[in-house]
$ cat entry.cif   # mmCIF, C-alpha atoms and all ligand atoms
data_upload
loop_
_atom_site.label_atom_id
_atom_site.label_comp_id
_atom_site.auth_asym_id
_atom_site.auth_seq_id
_atom_site.Cartn_x
_atom_site.Cartn_y
_atom_site.Cartn_z
CA MET G 18 -23.00 -35.96 20.17
CA ALA G 19 -20.14 -34.39 22.06
CA GLU G 20 -18.90 -30.93 21.13
CA ILE G 21 -15.57 -31.05 19.28
CA GLY G 22 -13.26 -28.06 19.73
CA THR G 23 -9.83 -26.76 20.63
CA HIS G 24 -10.82 -24.87 23.76
CA ILE G 25 -8.28 -25.91 26.41
CA GLU G 26 -9.93 -23.76 29.11
CA LYS G 27 -13.24 -25.48 28.51
CA ALA G 28 -11.62 -28.91 28.76
CA ALA G 29 -9.83 -27.87 31.95
CA HIS G 30 -13.05 -26.53 33.48
CA LEU G 31 -14.97 -29.73 32.74
CA LEU G 32 -12.16 -31.89 34.14
CA ARG G 33 -11.98 -29.79 37.32
CA SER G 34 -15.74 -30.34 37.71
CA GLY G 35 -15.27 -34.12 37.60
CA GLU G 36 -16.47 -34.53 34.00
CA LEU G 37 -14.75 -36.61 31.32
CA VAL G 38 -13.13 -35.11 28.22
CA ALA G 39 -11.60 -36.93 25.26
CA ILE G 40 -8.04 -35.73 24.71
CA PRO G 41 -5.65 -36.05 21.78
CA THR G 42 -2.29 -37.75 22.17
CA GLU G 43 0.31 -38.77 19.62
CA THR G 44 -0.80 -42.43 19.97
CA VAL G 45 -4.61 -42.50 20.16
CA TYR G 46 -7.33 -40.35 21.74
CA GLY G 47 -7.79 -40.85 25.48
CA LEU G 48 -10.94 -40.70 27.61
CA ALA G 49 -9.65 -38.48 30.39
CA GLY G 50 -10.78 -37.77 33.94
CA ASN G 51 -9.19 -36.46 37.13
CA ALA G 52 -7.08 -39.41 38.31
CA LEU G 53 -7.38 -38.23 41.93
CA ASN G 54 -11.19 -38.02 41.87
CA PRO G 55 -12.80 -41.44 42.49
CA GLU G 56 -16.09 -40.42 40.90
CA ALA G 57 -14.40 -39.29 37.69
CA VAL G 58 -12.40 -42.52 37.62
CA ALA G 59 -15.55 -44.60 38.14
CA LYS G 60 -17.17 -42.70 35.27
CA ILE G 61 -14.30 -43.69 32.96
CA PHE G 62 -14.90 -47.40 33.60
CA GLU G 63 -18.65 -46.98 33.16
CA THR G 64 -18.42 -44.93 29.97
CA LYS G 65 -16.08 -47.38 28.25
CA ASN G 66 -17.86 -50.39 29.66
CA ARG G 67 -14.44 -51.43 30.87
CA PRO G 68 -13.98 -54.26 33.37
CA HIS G 69 -12.65 -53.08 36.71
CA PHE G 70 -9.71 -55.50 36.65
CA ASN G 71 -8.24 -53.36 33.94
CA PRO G 72 -5.95 -50.58 35.28
CA LEU G 73 -5.81 -47.08 33.77
CA ILE G 74 -2.76 -45.15 32.59
CA VAL G 75 -2.14 -41.87 34.41
CA HIS G 76 -0.98 -38.95 32.24
CA VAL G 77 1.41 -36.27 33.49
CA PRO G 78 3.08 -33.23 31.90
CA ASP G 79 6.68 -34.15 32.78
CA VAL G 80 9.05 -36.26 34.91
CA PRO G 81 8.79 -34.12 38.10
CA ALA G 82 5.00 -34.53 38.00
CA ALA G 83 5.38 -38.29 37.53
CA LYS G 84 7.62 -38.47 40.58
CA LYS G 85 4.78 -37.18 42.78
CA TYR G 86 2.86 -40.41 42.24
CA VAL G 87 5.49 -43.13 42.62
CA GLN G 88 7.57 -44.51 45.49
CA HIS G 89 10.74 -44.18 43.50
CA PHE G 90 11.91 -43.83 39.93
CA PRO G 91 14.45 -46.61 39.32
CA GLU G 92 17.46 -45.73 37.20
CA PRO G 93 16.41 -47.60 34.06
CA ALA G 94 13.00 -45.90 34.21
CA ASP G 95 14.72 -42.56 34.53
CA LYS G 96 16.85 -43.30 31.49
CA LEU G 97 13.80 -44.32 29.48
CA ALA G 98 11.84 -41.25 30.54
CA ARG G 99 14.72 -38.99 29.55
CA ALA G 100 15.02 -40.71 26.19
CA PHE G 101 11.35 -41.07 25.25
CA TRP G 102 9.18 -38.58 27.21
CA PRO G 103 7.18 -36.86 26.01
CA GLY G 104 6.33 -39.81 23.81
CA PRO G 105 4.58 -43.16 23.35
CA LEU G 106 6.03 -44.92 26.40
CA THR G 107 4.20 -45.88 29.61
CA LEU G 108 6.29 -46.73 32.68
CA VAL G 109 4.80 -49.04 35.30
CA LEU G 110 6.20 -48.13 38.73
CA GLN G 111 5.37 -48.63 42.44
CA LYS G 112 2.54 -46.23 43.24
CA LYS G 113 2.05 -43.90 46.17
CA THR G 114 -1.27 -44.16 48.04
CA ILE G 115 -2.50 -40.89 46.50
CA ILE G 116 -3.19 -43.02 43.40
CA SER G 117 -6.25 -45.07 44.33
CA ASP G 118 -6.73 -48.79 43.88
CA LEU G 119 -9.60 -48.02 41.55
CA VAL G 120 -7.18 -46.46 39.05
CA THR G 121 -4.73 -49.37 39.25
CA ALA G 122 -7.33 -52.16 39.58
CA GLY G 123 -5.85 -53.07 42.95
CA LEU G 124 -2.26 -53.34 41.70
CA ASP G 125 0.45 -51.67 43.77
CA THR G 126 1.92 -50.21 40.58
CA VAL G 127 0.74 -47.36 38.37
CA GLY G 128 1.26 -46.84 34.63
CA LEU G 129 2.53 -43.31 33.97
CA ARG G 130 2.83 -41.60 30.64
CA CYS G 131 3.80 -38.16 29.41
CA PRO G 132 2.07 -37.74 26.06
CA ASP G 133 3.59 -35.78 23.20
CA HIS G 134 0.80 -33.55 21.98
CA PRO G 135 0.89 -29.75 22.36
CA LEU G 136 -2.79 -29.32 23.30
CA THR G 137 -2.76 -32.07 25.87
CA HIS G 138 0.60 -30.98 27.24
CA ASN G 139 -0.78 -27.51 27.68
CA LEU G 140 -3.90 -28.90 29.35
CA LEU G 141 -1.92 -31.13 31.74
CA SER G 142 0.32 -28.22 32.70
CA GLN G 143 -2.71 -26.15 33.73
CA LEU G 144 -4.28 -28.82 35.92
CA ALA G 145 -3.41 -29.48 39.55
CA PHE G 146 -4.07 -33.21 39.07
CA PRO G 147 -2.98 -35.91 36.60
CA LEU G 148 -5.37 -37.42 34.05
CA ALA G 149 -6.39 -41.05 34.02
CA ALA G 150 -7.07 -41.87 30.39
CA PRO G 151 -7.64 -45.17 28.63
CA SER G 152 -8.08 -45.15 24.87
CA ALA G 153 -11.39 -43.43 24.07
CA ASN G 154 -13.17 -46.44 22.56
CA LEU G 155 -15.65 -48.96 23.93
CA PHE G 156 -13.83 -51.80 25.68
CA GLY G 157 -12.28 -54.31 23.30
CA ARG G 158 -12.83 -52.22 20.17
CA VAL G 159 -10.48 -50.39 17.81
CA SER G 160 -8.78 -47.33 19.34
CA PRO G 161 -9.67 -43.86 17.99
CA THR G 162 -7.13 -41.84 16.01
CA ARG G 163 -9.34 -38.84 15.21
CA PRO G 164 -12.09 -36.94 17.08
CA GLU G 165 -14.86 -38.37 14.87
CA HIS G 166 -13.96 -41.91 15.96
CA VAL G 167 -14.49 -40.89 19.58
CA ASN G 168 -17.78 -39.25 18.74
CA GLU G 169 -19.07 -42.39 16.99
CA GLN G 170 -18.60 -44.62 20.04
CA LEU G 171 -18.75 -42.30 23.04
CA GLY G 172 -20.16 -38.98 21.78
CA HIS G 173 -23.51 -39.46 23.52
CA LEU G 174 -21.79 -40.07 26.86
CA ILE G 175 -19.27 -37.21 27.18
CA PRO G 176 -19.56 -33.43 26.88
CA TYR G 177 -16.38 -32.48 25.03
CA ILE G 178 -13.69 -33.76 22.68
CA LEU G 179 -10.51 -31.72 22.51
CA ASP G 180 -9.63 -31.67 18.82
CA GLY G 181 -5.96 -32.34 18.22
CA GLY G 182 -6.42 -33.63 14.68
CA LEU G 183 -5.06 -36.96 13.53
CA CYS G 184 -2.87 -38.92 15.93
CA THR G 185 0.62 -38.96 14.46
CA VAL G 186 1.86 -42.32 15.81
CA GLY G 187 -1.51 -44.04 15.55
CA ILE G 188 -0.79 -47.04 17.77
CA GLU G 189 -0.82 -47.09 21.59
CA SER G 190 2.15 -46.53 23.87
CA THR G 191 4.66 -49.24 24.68
CA ILE G 192 4.21 -50.33 28.30
CA VAL G 193 7.33 -51.18 30.29
CA GLY G 194 7.47 -52.40 33.89
CA PHE G 195 10.32 -53.61 36.08
CA GLU G 196 10.38 -57.03 37.70
CA LYS G 197 13.32 -57.61 40.05
CA ASN G 198 14.86 -54.62 38.30
CA ARG G 199 14.57 -56.30 34.90
CA PRO G 200 12.68 -54.24 32.30
CA VAL G 201 9.65 -56.11 30.95
CA ILE G 202 7.49 -55.03 28.02
CA TYR G 203 3.80 -55.64 28.77
CA ARG G 204 2.48 -54.10 25.57
CA LEU G 205 4.25 -53.47 22.27
CA GLY G 206 3.60 -49.98 20.98
CA GLY G 207 4.94 -46.74 19.56
CA ILE G 208 8.47 -47.08 21.01
CA THR G 209 10.12 -50.14 19.48
CA VAL G 210 11.96 -52.93 21.28
CA GLU G 211 15.10 -51.88 19.41
CA GLN G 212 14.76 -48.28 20.67
CA LEU G 213 14.38 -49.48 24.26
CA GLN G 214 17.39 -51.78 23.96
CA GLU G 215 19.57 -48.96 22.74
CA VAL G 216 18.93 -47.11 25.99
CA ILE G 217 18.79 -49.84 28.66
CA GLY G 218 20.13 -53.01 27.05
CA GLU G 219 18.26 -56.29 27.33
CA VAL G 220 14.48 -56.12 27.73
CA PHE G 221 12.08 -59.01 28.24
CA ILE G 222 8.79 -59.27 26.44
CA ASN G 223 5.75 -60.60 28.27
CA THR G 224 2.67 -59.64 26.31
CA HIS G 225 0.85 -62.97 26.34
CA SER G 226 -0.29 -63.88 29.82
CA SER G 227 -3.95 -63.94 28.85
CA ALA G 228 -5.00 -66.04 31.88
CA ASN G 229 -3.96 -63.33 34.28
CA PRO G 230 -3.52 -60.23 32.20
CA LYS G 231 -1.21 -57.67 33.72
CA THR G 232 -2.51 -55.36 31.05
CA PRO G 233 -5.62 -55.82 28.94
CA GLY G 234 -3.59 -54.90 25.95
CA GLN G 235 -2.38 -58.43 26.79
CA LEU G 236 -5.81 -59.97 26.39
CA LYS G 237 -5.59 -62.33 23.48
CA SER G 238 -8.52 -60.72 21.73
CA HIS G 239 -8.74 -56.95 21.61
CA TYR G 240 -8.79 -54.13 19.05
CA ALA G 241 -11.71 -55.84 17.35
CA PRO G 242 -13.49 -54.47 14.31
CA SER G 243 -17.08 -55.72 13.92
CA LYS G 244 -16.03 -58.05 11.09
CA LYS G 245 -14.02 -61.24 11.26
CA VAL G 246 -10.30 -60.74 10.62
CA VAL G 247 -8.35 -63.60 9.00
CA LEU G 248 -4.55 -63.55 8.77
CA GLY G 249 -2.42 -65.25 6.16
CA LYS G 250 -0.59 -64.84 2.89
CA MET G 251 -2.97 -62.83 0.72
CA GLU G 252 -2.62 -65.03 -2.37
CA ASP G 253 -3.64 -68.06 -0.26
CA LEU G 254 -6.48 -66.25 1.51
CA LEU G 255 -7.94 -65.17 -1.81
CA GLN G 256 -8.19 -68.84 -2.84
CA GLN G 257 -10.47 -69.42 0.16
CA TYR G 258 -12.44 -66.17 0.33
CA PRO G 259 -14.12 -64.54 -2.68
CA ALA G 260 -12.47 -61.19 -3.46
CA HIS G 261 -15.81 -59.41 -4.17
CA CYS G 262 -16.93 -59.70 -0.54
CA SER G 263 -13.56 -59.55 1.25
CA GLY G 264 -11.72 -56.58 2.64
CA ILE G 265 -8.00 -56.75 1.82
CA LEU G 266 -5.42 -55.26 4.17
CA THR G 267 -1.78 -55.31 3.11
CA LEU G 268 1.30 -53.25 3.77
CA SER G 269 2.06 -52.31 0.18
CA LYS G 270 1.00 -55.15 -2.16
CA ASN G 271 -1.74 -54.02 -4.51
CA PHE G 272 -4.54 -56.48 -5.32
CA ASN G 273 -6.59 -53.97 -7.34
CA SER G 274 -9.72 -54.42 -5.27
CA PRO G 275 -12.11 -51.58 -4.38
CA TYR G 276 -12.15 -53.08 -0.89
CA GLN G 277 -8.44 -52.82 -0.28
CA ARG G 278 -6.42 -50.73 2.13
CA MET G 279 -2.65 -50.54 1.82
CA LEU G 280 -1.02 -49.35 5.04
CA SER G 281 1.91 -47.73 3.27
CA THR G 282 2.57 -47.88 -0.46
CA THR G 283 6.27 -47.42 0.22
CA GLY G 284 6.32 -50.10 2.96
CA ASN G 285 7.13 -47.54 5.67
CA LEU G 286 6.21 -48.98 9.09
CA HIS G 287 5.65 -45.58 10.72
CA GLU G 288 3.14 -44.72 8.05
CA ALA G 289 1.61 -48.18 8.40
CA ALA G 290 1.12 -47.79 12.18
CA HIS G 291 -0.33 -44.34 11.62
CA ASN G 292 -2.91 -45.76 9.16
CA LEU G 293 -3.72 -49.08 10.83
CA PHE G 294 -6.75 -48.24 13.00
CA GLN G 295 -8.33 -46.01 10.34
CA ALA G 296 -7.95 -48.84 7.82
CA LEU G 297 -9.62 -51.33 10.18
CA ARG G 298 -12.49 -48.87 10.63
CA ASP G 299 -12.83 -48.30 6.86
CA PHE G 300 -13.85 -51.93 6.36
CA GLU G 301 -16.84 -51.41 8.66
CA THR G 302 -18.67 -49.44 5.98
CA MET G 303 -17.60 -51.56 3.01
CA PRO G 304 -19.90 -54.34 1.75
CA VAL G 305 -17.50 -57.06 2.87
CA ASP G 306 -18.05 -59.98 5.27
CA VAL G 307 -14.48 -60.60 6.25
CA ILE G 308 -11.19 -58.71 6.51
CA LEU G 309 -8.21 -60.57 5.06
CA ALA G 310 -4.93 -59.25 6.39
CA GLU G 311 -1.25 -59.91 5.92
CA LEU G 312 1.21 -59.47 8.76
CA VAL G 313 4.16 -57.14 8.20
CA GLU G 314 7.84 -57.77 8.95
CA GLU G 315 8.39 -58.59 12.63
CA GLN G 316 10.76 -55.76 13.46
CA GLY G 317 10.58 -52.15 14.64
CA LEU G 318 6.99 -50.89 14.67
CA GLY G 319 6.07 -54.02 12.70
CA ARG G 320 5.92 -55.96 15.98
CA ALA G 321 3.27 -53.65 17.42
CA ILE G 322 1.31 -53.65 14.15
CA ASN G 323 1.36 -57.47 14.05
CA ASP G 324 0.37 -57.62 17.72
CA ARG G 325 -2.75 -55.53 17.02
CA LEU G 326 -3.60 -57.58 13.92
CA ARG G 327 -3.24 -60.88 15.81
CA ARG G 328 -5.49 -59.65 18.62
CA ALA G 329 -8.04 -58.32 16.14
CA ALA G 330 -8.02 -61.76 14.46
CA ALA G 331 -8.48 -63.52 17.81
CA ALA G 332 -11.67 -61.58 18.53
CA GLU G 333 -15.21 -62.83 17.99
CA PRO G 334 -16.97 -60.23 15.84
O1 LIG F 401 -1.11 -44.77 24.13
C1 LIG F 401 -1.73 -45.04 25.15
O2 LIG F 401 -1.21 -45.67 26.09
C2 LIG F 401 -3.18 -44.60 25.24
C3 LIG F 401 -3.23 -43.08 25.33
C4 LIG F 401 -4.62 -42.55 25.53
O3 LIG F 401 -2.37 -42.65 26.33
N1 LIG F 401 -3.84 -45.20 26.35
C5 LIG F 401 -4.17 -46.50 26.38
O4 LIG F 401 -4.89 -46.86 27.49
O5 LIG F 401 -3.90 -47.28 25.50
P1 LIG F 401 -5.67 -48.24 27.62
O6 LIG F 401 -6.41 -48.14 28.91
O7 LIG F 401 -6.46 -48.49 26.42
O8 LIG F 401 -4.54 -49.28 27.80
C6 LIG F 401 -3.76 -49.14 28.96
C7 LIG F 401 -2.98 -50.37 29.22
C8 LIG F 401 -3.87 -51.49 29.59
O9 LIG F 401 -3.45 -52.61 28.85
C9 LIG F 401 -3.60 -51.60 31.09
O10 LIG F 401 -3.81 -52.90 31.57
C10 LIG F 401 -2.17 -51.18 31.17
O11 LIG F 401 -2.11 -50.11 30.31
N2 LIG F 401 -1.82 -50.76 32.53
C11 LIG F 401 -2.24 -49.68 33.19
N3 LIG F 401 -1.73 -49.67 34.43
C12 LIG F 401 -0.96 -50.76 34.56
C13 LIG F 401 -0.19 -51.33 35.62
N4 LIG F 401 -0.10 -50.75 36.80
N5 LIG F 401 0.47 -52.49 35.37
C14 LIG F 401 0.38 -53.08 34.19
N6 LIG F 401 -0.35 -52.61 33.15
C15 LIG F 401 -1.02 -51.47 33.34
MG MG F 402 -7.33 -49.41 24.89
#

$ encode --input "entry.cif" --output "structure tokens"
Amino acid sequence: MAEIGTHIEKAAHLLRSGELVAIPTETVYGLAGNALNPEAVAKIFETKNRPHFNPLIVHVPDVPAAKKYVQHFPEPADKLARAFWPGPLTLVLQKKTIISDLVTAGLDTVGLRCPDHPLTHNLLSQLAFPLAAPSANLFGRVSPTRPEHVNEQLGHLIPYILDGGLCTVGIESTIVGFEKNRPVIYRLGGITVEQLQEVIGEVFINTHSSANPKTPGQLKSHYAPSKKVVLGKMEDLLQQYPAHCSGILTLSKNFNSPYQRMLSTTGNLHEAAHNLFQALRDFETMPVDVILAELVEEQGLGRAINDRLRRAAAAEP
């Protein structure tokens, strides 16, 4: 198992030596390596068992650092960075050649993000290079929101997990690119559509091109627990699936089952996002064959929560 600790110097030393370290962010834990070191980047793909067509997000401490890796920072991107960095927003911009094709899976753009976590911010500020970091889970599986989740899936493959506690947001960053200067959302996440619109006006959503995924967060099936997930109205689902061997996932409705997880008893979507991935993991150890889940309201963070639930339901266990 990997060592879990809060030693920033140790993490920095390992990263400078080309090793991988799991790092905390406000969204989910990342599997980080030196984005400018091809061997470290190759190790990320190998460790996660991630297909090479799937580009990595590059993490930076601030806007000036981000500007070192892109051709230019268009005005709407600048506005978004000012409004939401550090925070759960990834900006997809034209890359400079210093960012290799391996990182971007051959795309001429790079996804940049400035995460909002004190330990990781401190770490990034000490390093002379940015960190490529996908979520620290095996490809296609549920993202980790605490160090133990990372250790379960990747602990035998990496030396160190920087312990930043529980991820506060709990759902991945929103990914925004620009096509002919129009902002396009490639993945729904911790910054809501409404928040983006307040800053830059109309945004387009394109999260469903599964034939030619711009981002694997766009793959129809992703975020998969090892049990089948079925979506519907809970009362109807419980007519079809026996309650004694079904996991029940709702926002706040209580079905008085020992195999139930409520995402937020008060119906708060921030709390629900924060609890979602832990709840999906909890069903793994329950004696249930199937996870029955209800979608939440399709607004604010509810869109990102529903997106993850739909992709989990589309997966083959
Ligand atoms: O919240 C997050 O974004 C977390 C934390 C660790 O920062 N990271 C994360 O990484 O979710 P990952 O690799 O699991 O998902 C990154 C997504 C993928 O869907 C990838 O395709 C997309 O970002 N992406 C990366 N570079 C891109 C690019 N140049 N164009 C379009 N999509 C890109
Ligand atoms: Mg991921």

$ residues_near_point --input "entry.cif" --point "(-17.6, -61.9, 16.9)" --cutoff "10 Å" --atoms "all atoms listed in the file" --output "list in words"
Ala241, Pro242, Ser243, Lys244, Lys245, Val246, Ala330, Ala331, Ala332, Glu333 and Pro334 of chain G

$ residues_around --input "entry.cif" --residues "Gln214 of chain G" --least-positions-apart "4" --cutoff "12 Å" --atoms "all atoms listed in the file" --output "compact mmCIF listing (two decimals) with C-alpha atoms, keeping the file's coordinate frame"
# COMPACT_ATOMS: atom_id res chain seq x y z
CA PRO G 93 16.41 -47.60 34.06
CA LYS G 96 16.85 -43.30 31.49
CA LEU G 97 13.80 -44.32 29.48
CA ALA G 100 15.02 -40.71 26.19
CA VAL G 193 7.33 -51.18 30.29
CA PRO G 200 12.68 -54.24 32.30
CA VAL G 201 9.65 -56.11 30.95
CA ILE G 202 7.49 -55.03 28.02
CA ILE G 208 8.47 -47.08 21.01
CA THR G 209 10.12 -50.14 19.48
CA VAL G 210 11.96 -52.93 21.28
CA GLY G 218 20.13 -53.01 27.05
CA GLU G 219 18.26 -56.29 27.33
CA VAL G 220 14.48 -56.12 27.73
CA PHE G 221 12.08 -59.01 28.24
CA ILE G 222 8.79 -59.27 26.44
CA GLY G 317 10.58 -52.15 14.64

$ residues_near_ligand --input "entry.cif" --ligand "ligand MG 402 (chain F)" --cutoff "10 Å" --atoms "only C-alpha atoms and all ligand atoms" --output "short mmCIF file (atom, residue, chain, number, x, y, z; two decimals) with C-alpha atoms, in the frame of the given file"
data_model
loop_
_atom_site.label_atom_id
_atom_site.label_comp_id
_atom_site.auth_asym_id
_atom_site.auth_seq_id
_atom_site.Cartn_x
_atom_site.Cartn_y
_atom_site.Cartn_z
CA VAL G 45 -4.61 -42.50 20.16
CA TYR G 46 -7.33 -40.35 21.74
CA GLY G 47 -7.79 -40.85 25.48
CA LEU G 48 -10.94 -40.70 27.61
CA LYS G 65 -16.08 -47.38 28.25
CA ARG G 67 -14.44 -51.43 30.87
CA ASN G 71 -8.24 -53.36 33.94
CA LEU G 73 -5.81 -47.08 33.77
CA ILE G 74 -2.76 -45.15 32.59
CA ALA G 150 -7.07 -41.87 30.39
CA PRO G 151 -7.64 -45.17 28.63
CA SER G 152 -8.08 -45.15 24.87
CA ALA G 153 -11.39 -43.43 24.07
CA ASN G 154 -13.17 -46.44 22.56
CA LEU G 155 -15.65 -48.96 23.93
CA PHE G 156 -13.83 -51.80 25.68
CA GLY G 157 -12.28 -54.31 23.30
CA ARG G 158 -12.83 -52.22 20.17
CA VAL G 159 -10.48 -50.39 17.81
CA SER G 160 -8.78 -47.33 19.34
CA PRO G 161 -9.67 -43.86 17.99
CA ILE G 188 -0.79 -47.04 17.77
CA GLU G 189 -0.82 -47.09 21.59
CA SER G 190 2.15 -46.53 23.87
CA THR G 232 -2.51 -55.36 31.05
CA PRO G 233 -5.62 -55.82 28.94
CA GLY G 234 -3.59 -54.90 25.95
CA HIS G 239 -8.74 -56.95 21.61
CA TYR G 240 -8.79 -54.13 19.05
#

$ atom_distance --input "entry.cif" --atom1 "atom CA of Glu288 of chain G" --atom2 "atom CA of Gly319 of chain G"
10.8 Å

$ residues_around --input "entry.cif" --residues "Ile192 of chain G" --least-positions-apart "6" --cutoff "8 Å" --atoms "all atoms listed in the file" --output "list of chain:residue names"
G:Leu106, G:Thr107, G:Leu108, G:Val109, G:Gly128, G:Ile202, G:Tyr203, G:Arg204, G:Leu205, G:Gly206

$ closest_residue --input "entry.cif" --among "G:Tyr177, G:Phe294, G:Trp102, G:Phe70" --to "ligand LIG 401 (chain F)" --atoms "all atoms listed in the file"
G:Phe70

$ residues_around --input "entry.cif" --residues "Lys112 of chain G" --least-positions-apart "5" --cutoff "10 Å" --atoms "only C-alpha atoms" --output "count of residues only"
15

$ closest_residue --input "entry.cif" --among "G:Asn66, G:Gly35, G:Met18, G:Gly194" --to "ligand LIG 401 (chain F)" --atoms "all atoms listed in the file"
G:Gly194

$ axis_aligned_box --input "entry.cif" --around "ligand LIG 401 (chain F)" --padding-each-side "8 Å" --output "JSON"
{"center_x": -3.0, "center_y": -47.8, "center_z": 30.5, "size_x": 22.9, "size_y": 26.5, "size_z": 28.7}

$ closest_residue --input "entry.cif" --among "G:Gly22, G:Ala321, G:Val80, G:Val216" --to "ligand LIG 401 (chain F)" --atoms "only C-alpha atoms and all ligand atoms"
G:Ala321

$ closest_residue --input "entry.cif" --among "G:Asn198, G:Thr42, G:Ser263, G:Ser274" --to "Pro132 of chain G" --atoms "all atoms listed in the file"
G:Thr42

$ closest_residue --input "entry.cif" --among "G:His261, G:Lys250, G:Lys197, G:His166" --to "Asp299 of chain G" --atoms "only C-alpha atoms"
G:His166

$ residues_around --input "entry.cif" --residues "Pro176 of chain G" --least-positions-apart "6" --cutoff "8 Å" --atoms "all atoms listed in the file" --output "VMD selection string"
chain G and resid 18 to 20 36 to 38

$ residues_near_point --input "entry.cif" --point "(-8.9, -46.2, 38.9)" --cutoff "10 Å" --atoms "all atoms listed in the file" --output "VMD selection string"
chain G and resid 50 to 62 69 to 75 116 to 123 127 149 to 150

$ atom_distance --input "entry.cif" --atom1 "atom CA of Ala82 of chain G" --atom2 "atom CA of Val186 of chain G"
23.7 Å

$ closest_residue --input "entry.cif" --among "G:Lys27, G:Arg325, G:Lys270, G:His173" --to "ligand LIG 401 (chain F)" --atoms "all atoms listed in the file"
G:Arg325

$ atom_distance --input "entry.cif" --atom1 "atom CA of Ile21 of chain G" --atom2 "atom CA of Gln170 of chain G"
13.9 Å

$ build_atoms --input "entry.cif" --residues "segment 320-325 of chain G" --atoms "all heavy atoms" --output "mmCIF file, in the frame of the given file"
data_model
loop_
_atom_site.group_PDB
_atom_site.id
_atom_site.type_symbol
_atom_site.label_atom_id
_atom_site.label_comp_id
_atom_site.auth_asym_id
_atom_site.auth_seq_id
_atom_site.Cartn_x
_atom_site.Cartn_y
_atom_site.Cartn_z
ATOM 1 N N ARG G 320 6.346 -55.066 14.890
ATOM 2 C CA ARG G 320 5.920 -55.960 15.980
ATOM 3 C C ARG G 320 4.621 -55.492 16.603
ATOM 4 O O ARG G 320 3.756 -56.307 16.938
ATOM 5 C CB ARG G 320 6.975 -55.971 17.088
ATOM 6 C CG ARG G 320 8.257 -56.611 16.694
ATOM 7 C CD ARG G 320 9.044 -56.785 17.972
ATOM 8 N NE ARG G 320 10.458 -56.611 17.731
ATOM 9 C CZ ARG G 320 11.381 -57.430 18.214
ATOM 10 N NH1 ARG G 320 11.027 -58.453 18.947
ATOM 11 N NH2 ARG G 320 12.645 -57.196 17.969
ATOM 12 N N ALA G 321 4.498 -54.180 16.814
ATOM 13 C CA ALA G 321 3.270 -53.650 17.420
ATOM 14 C C ALA G 321 2.100 -53.769 16.442
ATOM 15 O O ALA G 321 0.974 -54.092 16.836
ATOM 16 C CB ALA G 321 3.469 -52.196 17.847
ATOM 17 N N ILE G 322 2.376 -53.522 15.161
ATOM 18 C CA ILE G 322 1.310 -53.650 14.150
ATOM 19 C C ILE G 322 0.819 -55.091 14.120
ATOM 20 O O ILE G 322 -0.391 -55.363 14.166
ATOM 21 C CB ILE G 322 1.846 -53.229 12.755
ATOM 22 C CG1 ILE G 322 2.181 -51.735 12.751
ATOM 23 C CG2 ILE G 322 0.845 -53.580 11.650
ATOM 24 C CD1 ILE G 322 2.937 -51.265 11.504
ATOM 25 N N ASN G 323 1.744 -56.055 14.088
ATOM 26 C CA ASN G 323 1.360 -57.470 14.050
ATOM 27 C C ASN G 323 0.616 -57.869 15.318
ATOM 28 O O ASN G 323 -0.339 -58.641 15.270
ATOM 29 C CB ASN G 323 2.594 -58.345 13.863
ATOM 30 C CG ASN G 323 3.154 -58.221 12.447
ATOM 31 O OD1 ASN G 323 2.469 -57.749 11.542
ATOM 32 N ND2 ASN G 323 4.388 -58.650 12.262
ATOM 33 N N ASP G 324 1.058 -57.331 16.455
ATOM 34 C CA ASP G 324 0.370 -57.620 17.720
ATOM 35 C C ASP G 324 -1.093 -57.201 17.632
ATOM 36 O O ASP G 324 -1.992 -57.959 17.995
ATOM 37 C CB ASP G 324 1.082 -56.847 18.845
ATOM 38 C CG ASP G 324 0.314 -56.898 20.146
ATOM 39 O OD1 ASP G 324 0.500 -57.877 20.888
ATOM 40 O OD2 ASP G 324 -0.481 -55.968 20.419
ATOM 41 N N ARG G 325 -1.362 -55.997 17.116
ATOM 42 C CA ARG G 325 -2.750 -55.530 17.020
ATOM 43 C C ARG G 325 -3.534 -56.387 16.033
ATOM 44 O O ARG G 325 -4.700 -56.700 16.253
ATOM 45 C CB ARG G 325 -2.823 -54.067 16.584
ATOM 46 C CG ARG G 325 -2.076 -53.073 17.488
ATOM 47 C CD ARG G 325 -2.474 -53.152 18.936
ATOM 48 N NE ARG G 325 -1.860 -52.099 19.716
ATOM 49 C CZ ARG G 325 -0.676 -52.209 20.347
ATOM 50 N NH1 ARG G 325 0.000 -53.353 20.318
ATOM 51 N NH2 ARG G 325 -0.191 -51.190 21.034
#
